[in-house]
Amino acid sequence: RLKLQYTDRIPFTKNPVAKRLLKIISEKQSNLCLAADVLTGTELLNLAEEVGPYICILKTHIDIIEDFNENLTKHLKDISQRHNFLLLEDRKFADIGKVVQLQYTKGVFKISSWAKLITQHAIIGPGALQAVKQNSEDLGVFLLTEISTKDNLISSSYTKAALEMAEGFSHLITGIVCQSPLFLDKPGFLQLTPGVKLNSIGDSLGQQYSSPENVILERGADIAVVGRGITEATDRAQAAEKYRNLLWEAYQKRVEM
Ligand code: UP6
């Protein structure tokens, strides 16, 4: 288990966005990333306003929004500045470098104009990282090396090779999306771990959950991703505050252990 406080990890990070993120986490005492998987612009903005005070990252799947227009990302950016959190577009890029470059900067969503953080699969090799590298002053990549779903096809040798690849791009990489403590020797990389929900072990489509405490203390997460645990609650702000407190306390416990 990595035992450093978030601010003490800033000198180890080479990615400028990771440094900002670590500051936000300590200022807000929040290592909670919200998976804002809702279907309309209004729902997304309302959710961001309600939950904004309790999160360090708001994670989007912008391509599930049914009424997308550029005003949405403009407003989302405003809210993220006001509530001091970063926007992560969880696009999980997985194409050849050239196409990743186009998907990141062009099309309807123009992700590069609003998301400070993106996710990528490692399967492509270094090409997809090279494709977005010139933006690394203003961009952080979370590279996926493990997945939370049941019976996924990622092997331990894939995970190991993906981590080695990440090391070659430390200026660009904010962290790793994974399910276990894989890189305790690299305090400059942040571990982002999805699959977190109270009182549930999974959904009917392969998702697997652990508790906030387990994800930080056993799985090694530095930042935990919570989606339906918050979005489906009757009082979403209250649910976010609860997850925020549990996750923060668990990290403090880990540092002191
Ligand atoms: N996510 C996972 N598992 C992974 C990677 N990403 O669940 O290995 C993402 C999903 C979703 C969120 O794309 O947006 O995390 C989880 O949502 P949930 O808490 O509602 O299950």
# chains A, B, ... in the order shown; residues from 1 in each chain; ligands from 1
>>> select_by_dssp(residues="range 102-192 of chain A", states="alpha helix (DSSP H)", output="JSON, numbers by chain")
{"A": [102, 103, 104, 105, 127, 128, 129, 130, 131, 132, 156, 157, 158, 159, 160, 161, 162, 163, 164, 165, 166, 167]}
>>> residues_around(residues="Ala36 in chain A", least_positions_apart="2", cutoff="12 Å", atoms="only C-alpha atoms", output="ChimeraX atom specification")
/A:33-34,38-41,43-52,55,57-62,64-65,76,87-90,225-232,236,240
>>> write_last_selection(atoms="N, CA and C atoms", output="short mmCIF file (atom, residue, chain, number, x, y, z; two decimals), in the first residue's frame")
data_model
loop_
_atom_site.label_atom_id
_atom_site.label_comp_id
_atom_site.auth_asym_id
_atom_site.auth_seq_id
_atom_site.Cartn_x
_atom_site.Cartn_y
_atom_site.Cartn_z
N CYS A 33 -14.33 10.31 -7.60
CA CYS A 33 -14.63 10.66 -9.00
C CYS A 33 -16.05 10.20 -9.28
N LEU A 34 -16.88 11.11 -9.75
CA LEU A 34 -18.27 10.74 -10.08
C LEU A 34 -18.35 10.27 -11.53
N VAL A 38 -25.47 9.99 -17.26
CA VAL A 38 -26.87 10.39 -17.47
C VAL A 38 -27.06 10.74 -18.95
N LEU A 39 -28.31 10.89 -19.37
CA LEU A 39 -28.58 10.90 -20.80
C LEU A 39 -28.89 12.24 -21.45
N THR A 40 -29.08 13.29 -20.64
CA THR A 40 -29.35 14.60 -21.25
C THR A 40 -28.44 15.67 -20.66
N GLY A 41 -28.31 16.74 -21.42
CA GLY A 41 -27.48 17.85 -21.00
C GLY A 41 -27.95 18.44 -19.67
N GLU A 43 -29.70 17.04 -17.29
CA GLU A 43 -29.41 16.12 -16.18
C GLU A 43 -27.95 16.18 -15.79
N LEU A 44 -27.07 16.26 -16.80
CA LEU A 44 -25.64 16.29 -16.53
C LEU A 44 -25.25 17.55 -15.77
N LEU A 45 -25.79 18.70 -16.20
CA LEU A 45 -25.46 19.97 -15.54
C LEU A 45 -26.02 20.01 -14.11
N ASN A 46 -27.27 19.53 -13.94
CA ASN A 46 -27.85 19.50 -12.59
C ASN A 46 -27.03 18.62 -11.66
N LEU A 47 -26.64 17.46 -12.17
CA LEU A 47 -25.84 16.53 -11.38
C LEU A 47 -24.50 17.16 -10.99
N ALA A 48 -23.87 17.82 -11.95
CA ALA A 48 -22.57 18.46 -11.69
C ALA A 48 -22.70 19.54 -10.61
N GLU A 49 -23.79 20.29 -10.65
CA GLU A 49 -24.02 21.33 -9.63
C GLU A 49 -24.23 20.71 -8.25
N GLU A 50 -25.06 19.65 -8.21
CA GLU A 50 -25.39 19.05 -6.91
C GLU A 50 -24.19 18.37 -6.26
N VAL A 51 -23.42 17.66 -7.08
CA VAL A 51 -22.39 16.79 -6.54
C VAL A 51 -21.02 17.48 -6.56
N GLY A 52 -20.92 18.56 -7.34
CA GLY A 52 -19.67 19.28 -7.53
C GLY A 52 -18.83 19.54 -6.28
N ILE A 55 -16.55 16.28 -5.13
CA ILE A 55 -15.75 15.43 -6.02
C ILE A 55 -14.46 16.12 -6.48
N ILE A 57 -13.05 14.75 -9.49
CA ILE A 57 -13.19 14.55 -10.94
C ILE A 57 -14.65 14.26 -11.27
N LEU A 58 -15.13 14.83 -12.37
CA LEU A 58 -16.40 14.40 -12.93
C LEU A 58 -16.09 13.68 -14.23
N LYS A 59 -16.49 12.40 -14.28
CA LYS A 59 -16.18 11.55 -15.42
C LYS A 59 -17.40 11.45 -16.32
N THR A 60 -17.19 11.76 -17.61
CA THR A 60 -18.31 11.72 -18.56
C THR A 60 -18.14 10.59 -19.58
N HIS A 61 -19.29 10.16 -20.14
CA HIS A 61 -19.33 9.43 -21.41
C HIS A 61 -20.15 10.35 -22.31
N ILE A 62 -19.47 11.30 -22.92
CA ILE A 62 -20.18 12.38 -23.61
C ILE A 62 -21.02 11.84 -24.78
N ILE A 64 -23.05 9.41 -24.77
CA ILE A 64 -24.38 8.87 -24.43
C ILE A 64 -25.41 10.00 -24.23
N ILE A 65 -24.94 11.25 -24.36
CA ILE A 65 -25.85 12.39 -24.20
C ILE A 65 -26.73 12.52 -25.46
N LEU A 76 -20.46 22.99 -18.58
CA LEU A 76 -19.82 22.00 -17.72
C LEU A 76 -18.46 22.50 -17.25
N LEU A 87 -12.54 17.63 -15.41
CA LEU A 87 -13.41 16.84 -16.29
C LEU A 87 -12.60 15.73 -16.94
N LEU A 88 -13.09 14.52 -16.81
CA LEU A 88 -12.46 13.34 -17.43
C LEU A 88 -13.42 12.74 -18.43
N GLU A 89 -13.06 12.76 -19.71
CA GLU A 89 -13.89 12.08 -20.71
C GLU A 89 -13.38 10.64 -20.83
N ASP A 90 -14.25 9.73 -20.43
CA ASP A 90 -13.89 8.31 -20.36
C ASP A 90 -14.11 7.64 -21.71
N VAL A 225 -14.01 5.60 -8.41
CA VAL A 225 -15.08 6.04 -9.31
C VAL A 225 -16.41 5.48 -8.81
N VAL A 226 -17.36 6.36 -8.55
CA VAL A 226 -18.69 5.91 -8.16
C VAL A 226 -19.70 6.48 -9.15
N GLY A 227 -20.51 5.60 -9.74
CA GLY A 227 -21.54 6.01 -10.69
C GLY A 227 -22.91 5.86 -10.06
N ARG A 228 -23.54 4.70 -10.36
CA ARG A 228 -24.93 4.50 -9.94
C ARG A 228 -25.13 4.59 -8.43
N GLY A 229 -24.08 4.31 -7.66
CA GLY A 229 -24.17 4.48 -6.21
C GLY A 229 -24.60 5.89 -5.83
N ILE A 230 -24.26 6.85 -6.68
CA ILE A 230 -24.66 8.24 -6.44
C ILE A 230 -25.81 8.66 -7.36
N THR A 231 -25.69 8.34 -8.65
CA THR A 231 -26.69 8.88 -9.60
C THR A 231 -28.10 8.31 -9.35
N GLU A 232 -28.18 7.12 -8.76
CA GLU A 232 -29.49 6.53 -8.53
C GLU A 232 -30.03 6.80 -7.12
N ARG A 236 -28.75 12.97 -4.23
CA ARG A 236 -27.45 12.67 -4.82
C ARG A 236 -26.32 13.42 -4.13
N ALA A 240 -23.20 11.60 -2.42
CA ALA A 240 -21.83 11.97 -2.78
C ALA A 240 -21.02 12.32 -1.54
#
>>> closest_residue(among="A:Ser157, A:Ile96, A:Leu163, A:Ile173", to="Thr119 in chain A", atoms="only C-alpha atoms")
A:Ile173
>>> closest_residue(among="A:Gln81, A:Gln238, A:Gln130, A:Gln120", to="Gly168 in chain A", atoms="only C-alpha atoms")
A:Gln130
>>> closest_residue(among="A:Ile25, A:Leu172, A:Ala35, A:Val132", to="Ile111 in chain A", atoms="only C-alpha atoms")
A:Val132
>>> select_by_dssp(residues="range 128-207 of chain A", states="strand (DSSP E or B)", output="list in words")
Gly140, Val141, Phe142, Leu143, Leu144, Ile173, Thr174, Gly175, Ile176, Val177, Leu190, Gln191, Leu192, Thr193, Val196 and Gly202 of chain A
>>> write_last_selection(atoms="C-alpha atoms", output="short mmCIF file (atom, residue, chain, number, x, y, z; two decimals), in the first residue's frame")
data_model
loop_
_atom_site.label_atom_id
_atom_site.label_comp_id
_atom_site.auth_asym_id
_atom_site.auth_seq_id
_atom_site.Cartn_x
_atom_site.Cartn_y
_atom_site.Cartn_z
CA GLY A 140 -3.54 13.91 -18.52
CA VAL A 141 -4.17 10.34 -19.64
CA PHE A 142 -5.43 7.54 -17.44
CA LEU A 143 -4.29 4.32 -19.10
CA LEU A 144 -6.45 1.21 -18.61
CA ILE A 173 0.21 9.90 -17.84
CA THR A 174 -1.82 11.06 -14.83
CA GLY A 175 -2.43 7.54 -13.70
CA ILE A 176 -3.67 4.04 -14.30
CA VAL A 177 -7.22 2.65 -14.34
CA LEU A 190 -2.52 7.88 -9.49
CA GLN A 191 -4.62 4.73 -9.33
CA LEU A 192 -8.19 5.34 -10.51
CA THR A 193 -10.47 2.44 -9.67
CA VAL A 196 -17.48 0.96 -6.21
CA GLY A 202 -22.46 -6.17 -9.12
#
>>> closest_residue(among="A:Cys56, A:Ile201, A:Val100, A:Leu21", to="ligand 1", atoms="only C-alpha atoms and all ligand atoms")
A:Ile201
>>> closest_atom_pairs(of="range 108-199 of chain A", to="range 1-19 of chain A", cutoff="10 Å", atoms="only C-alpha atoms", output="CSV")
residue,atom,partner,partner_atom,distance
A:Lys116,CA,A:Val17,CA,7.2
A:Leu117,CA,A:Val17,CA,7.8
A:Ser136,CA,A:Asn15,CA,7.1
A:Glu137,CA,A:Pro16,CA,5.9
A:Asp138,CA,A:Val17,CA,6.4
A:Leu139,CA,A:Val17,CA,6.1
A:Gly140,CA,A:Val17,CA,5.6
A:Val141,CA,A:Asn15,CA,9.1
A:Phe169,CA,A:Asn15,CA,9.2
A:Ser170,CA,A:Lys14,CA,5.9
A:His171,CA,A:Asn15,CA,4.5
A:Leu172,CA,A:Asn15,CA,5.4
A:Ile173,CA,A:Asn15,CA,6.2
A:Thr174,CA,A:Ala18,CA,5.0
A:Gly175,CA,A:Ala18,CA,7.9
A:Pro181,CA,A:Arg1,CA,7.0
A:Leu182,CA,A:Arg1,CA,9.7
A:Phe183,CA,A:Leu2,CA,8.9
A:Leu184,CA,A:Leu2,CA,5.7
A:Asp185,CA,A:Leu2,CA,8.3
A:Lys186,CA,A:Phe12,CA,8.0
A:Pro187,CA,A:Arg9,CA,6.0
A:Gly188,CA,A:Thr13,CA,4.0
A:Phe189,CA,A:Thr13,CA,6.7
A:Leu190,CA,A:Ala18,CA,7.9
>>> write_last_selection(atoms="N, CA and C atoms", output="mmCIF file, in the first residue's frame")
data_model
loop_
_atom_site.group_PDB
_atom_site.id
_atom_site.type_symbol
_atom_site.label_atom_id
_atom_site.label_comp_id
_atom_site.auth_asym_id
_atom_site.auth_seq_id
_atom_site.Cartn_x
_atom_site.Cartn_y
_atom_site.Cartn_z
ATOM 1 N N LYS A 116 -9.730 17.898 -19.477
ATOM 2 C CA LYS A 116 -8.323 17.921 -19.066
ATOM 3 C C LYS A 116 -7.783 16.509 -18.923
ATOM 4 N N LEU A 117 -8.701 15.555 -18.785
ATOM 5 C CA LEU A 117 -8.303 14.163 -18.582
ATOM 6 C C LEU A 117 -9.066 13.275 -19.556
ATOM 7 N N SER A 136 0.429 17.577 -23.668
ATOM 8 C CA SER A 136 0.599 17.084 -22.300
ATOM 9 C C SER A 136 0.764 18.169 -21.234
ATOM 10 N N GLU A 137 0.966 19.437 -21.632
ATOM 11 C CA GLU A 137 0.958 20.509 -20.628
ATOM 12 C C GLU A 137 -0.445 20.671 -20.048
ATOM 13 N N ASP A 138 -1.429 20.332 -20.869
ATOM 14 C CA ASP A 138 -2.810 20.632 -20.548
ATOM 15 C C ASP A 138 -3.699 19.395 -20.557
ATOM 16 N N LEU A 139 -3.074 18.232 -20.559
ATOM 17 C CA LEU A 139 -3.827 16.982 -20.680
ATOM 18 C C LEU A 139 -3.181 15.897 -19.830
ATOM 19 N N GLY A 140 -4.038 15.095 -19.224
ATOM 20 C CA GLY A 140 -3.542 13.913 -18.522
ATOM 21 C C GLY A 140 -4.284 12.694 -19.023
ATOM 22 N N VAL A 141 -3.557 11.591 -19.187
ATOM 23 C CA VAL A 141 -4.175 10.344 -19.640
ATOM 24 C C VAL A 141 -4.194 9.337 -18.497
ATOM 25 N N PHE A 169 5.863 7.281 -20.820
ATOM 26 C CA PHE A 169 5.105 8.510 -21.101
ATOM 27 C C PHE A 169 4.744 9.238 -19.809
ATOM 28 N N SER A 170 5.681 9.293 -18.877
ATOM 29 C CA SER A 170 5.315 9.814 -17.549
ATOM 30 C C SER A 170 4.916 11.292 -17.568
ATOM 31 N N HIS A 171 5.328 12.036 -18.600
ATOM 32 C CA HIS A 171 4.918 13.436 -18.686
ATOM 33 C C HIS A 171 3.427 13.574 -19.024
ATOM 34 N N LEU A 172 2.910 12.558 -19.679
ATOM 35 C CA LEU A 172 1.522 12.588 -20.164
ATOM 36 C C LEU A 172 0.562 11.819 -19.256
ATOM 37 N N ILE A 173 1.073 10.805 -18.595
ATOM 38 C CA ILE A 173 0.210 9.895 -17.836
ATOM 39 C C ILE A 173 -0.100 10.469 -16.441
ATOM 40 N N THR A 174 -1.388 10.655 -16.161
ATOM 41 C CA THR A 174 -1.817 11.059 -14.825
ATOM 42 C C THR A 174 -1.881 9.829 -13.925
ATOM 43 N N GLY A 175 -2.317 8.743 -14.516
ATOM 44 C CA GLY A 175 -2.433 7.540 -13.703
ATOM 45 C C GLY A 175 -2.933 6.355 -14.493
ATOM 46 N N PRO A 181 -3.394 -3.014 -6.518
ATOM 47 C CA PRO A 181 -2.220 -2.151 -6.336
ATOM 48 C C PRO A 181 -1.045 -2.645 -7.166
ATOM 49 N N LEU A 182 -0.885 -2.116 -8.357
ATOM 50 C CA LEU A 182 0.083 -2.655 -9.318
ATOM 51 C C LEU A 182 1.399 -1.913 -9.303
ATOM 52 N N PHE A 183 1.398 -0.665 -8.773
ATOM 53 C CA PHE A 183 2.600 0.161 -8.979
ATOM 54 C C PHE A 183 2.950 0.952 -7.723
ATOM 55 N N LEU A 184 3.112 0.227 -6.640
ATOM 56 C CA LEU A 184 3.432 0.863 -5.366
ATOM 57 C C LEU A 184 4.777 1.585 -5.405
ATOM 58 N N ASP A 185 5.605 1.221 -6.380
ATOM 59 C CA ASP A 185 6.920 1.858 -6.527
ATOM 60 C C ASP A 185 6.840 3.150 -7.340
ATOM 61 N N LYS A 186 5.638 3.531 -7.791
ATOM 62 C CA LYS A 186 5.515 4.740 -8.616
ATOM 63 C C LYS A 186 4.501 5.715 -8.023
ATOM 64 N N PRO A 187 4.871 6.438 -6.980
ATOM 65 C CA PRO A 187 3.912 7.335 -6.325
ATOM 66 C C PRO A 187 3.480 8.500 -7.204
ATOM 67 N N GLY A 188 4.148 8.684 -8.352
ATOM 68 C CA GLY A 188 3.761 9.754 -9.271
ATOM 69 C C GLY A 188 2.538 9.401 -10.105
ATOM 70 N N PHE A 189 2.195 8.131 -10.200
ATOM 71 C CA PHE A 189 0.995 7.711 -10.935
ATOM 72 C C PHE A 189 -0.168 7.529 -9.961
ATOM 73 N N LEU A 190 -1.339 8.027 -10.346
ATOM 74 C CA LEU A 190 -2.520 7.881 -9.491
ATOM 75 C C LEU A 190 -3.350 6.686 -9.947
#
>>> closest_residue(among="A:Gln207, A:Ser113, A:Gln101, A:Asn69", to="Lys150 in chain A", atoms="only C-alpha atoms")
A:Gln207
>>> residues_around(residues="Asp95 in chain A", least_positions_apart="4", cutoff="12 Å", atoms="only C-alpha atoms", output="list in words")
Arg91, Val99, Val100, Gln101, Leu102, Gln103, Tyr104, Gln120, His121, Ala122, Ile123, Ile124, Gly125, Pro126, Gly127, Ala128, Leu129 and Ala131 of chain A
>>> write_last_selection(atoms="C-alpha atoms", output="CSV table (one decimal), in the first residue's frame")
chain,number,residue,atom,x,y,z
A,91,ARG,CA,-13.7,7.7,-24.1
A,99,VAL,CA,-7.9,8.1,-35.6
A,100,VAL,CA,-7.4,8.7,-31.8
A,101,GLN,CA,-6.0,12.1,-32.7
A,102,LEU,CA,-9.1,12.9,-34.8
A,103,GLN,CA,-11.5,11.5,-32.2
A,104,TYR,CA,-9.8,13.5,-29.5
A,120,GLN,CA,-7.1,5.2,-23.2
A,121,HIS,CA,-6.8,1.4,-23.7
A,122,ALA,CA,-3.2,0.2,-23.8
A,123,ILE,CA,-4.0,-2.4,-26.5
A,124,ILE,CA,-2.9,-0.1,-29.4
A,125,GLY,CA,0.7,0.3,-28.1
A,126,PRO,CA,2.4,3.7,-27.8
A,127,GLY,CA,0.8,5.2,-31.0
A,128,ALA,CA,-2.3,6.3,-29.3
A,129,LEU,CA,-0.3,8.0,-26.5
A,131,ALA,CA,-1.2,10.9,-30.9
>>> atom_distance(atom1="CA of Ser180 in chain A", atom2="CA of Glu249 in chain A")
19.2 Å
>>> closest_residue(among="A:Arg244, A:Lys197, A:Lys160, A:Arg254", to="Gly220 in chain A", atoms="only C-alpha atoms")
A:Arg254
>>> atom_distance(atom1="CA of Tyr158 in chain A", atom2="CA of Glu218 in chain A")
21.7 Å
>>> atom_distance(atom1="CA of Leu205 in chain A", atom2="CA of Ala115 in chain A")
28.0 Å
>>> residues_around(residues="Leu198 in chain A", least_positions_apart="3", cutoff="8 Å", atoms="only C-alpha atoms", output="PyMOL selection string")
chain A and resi 210-212+229
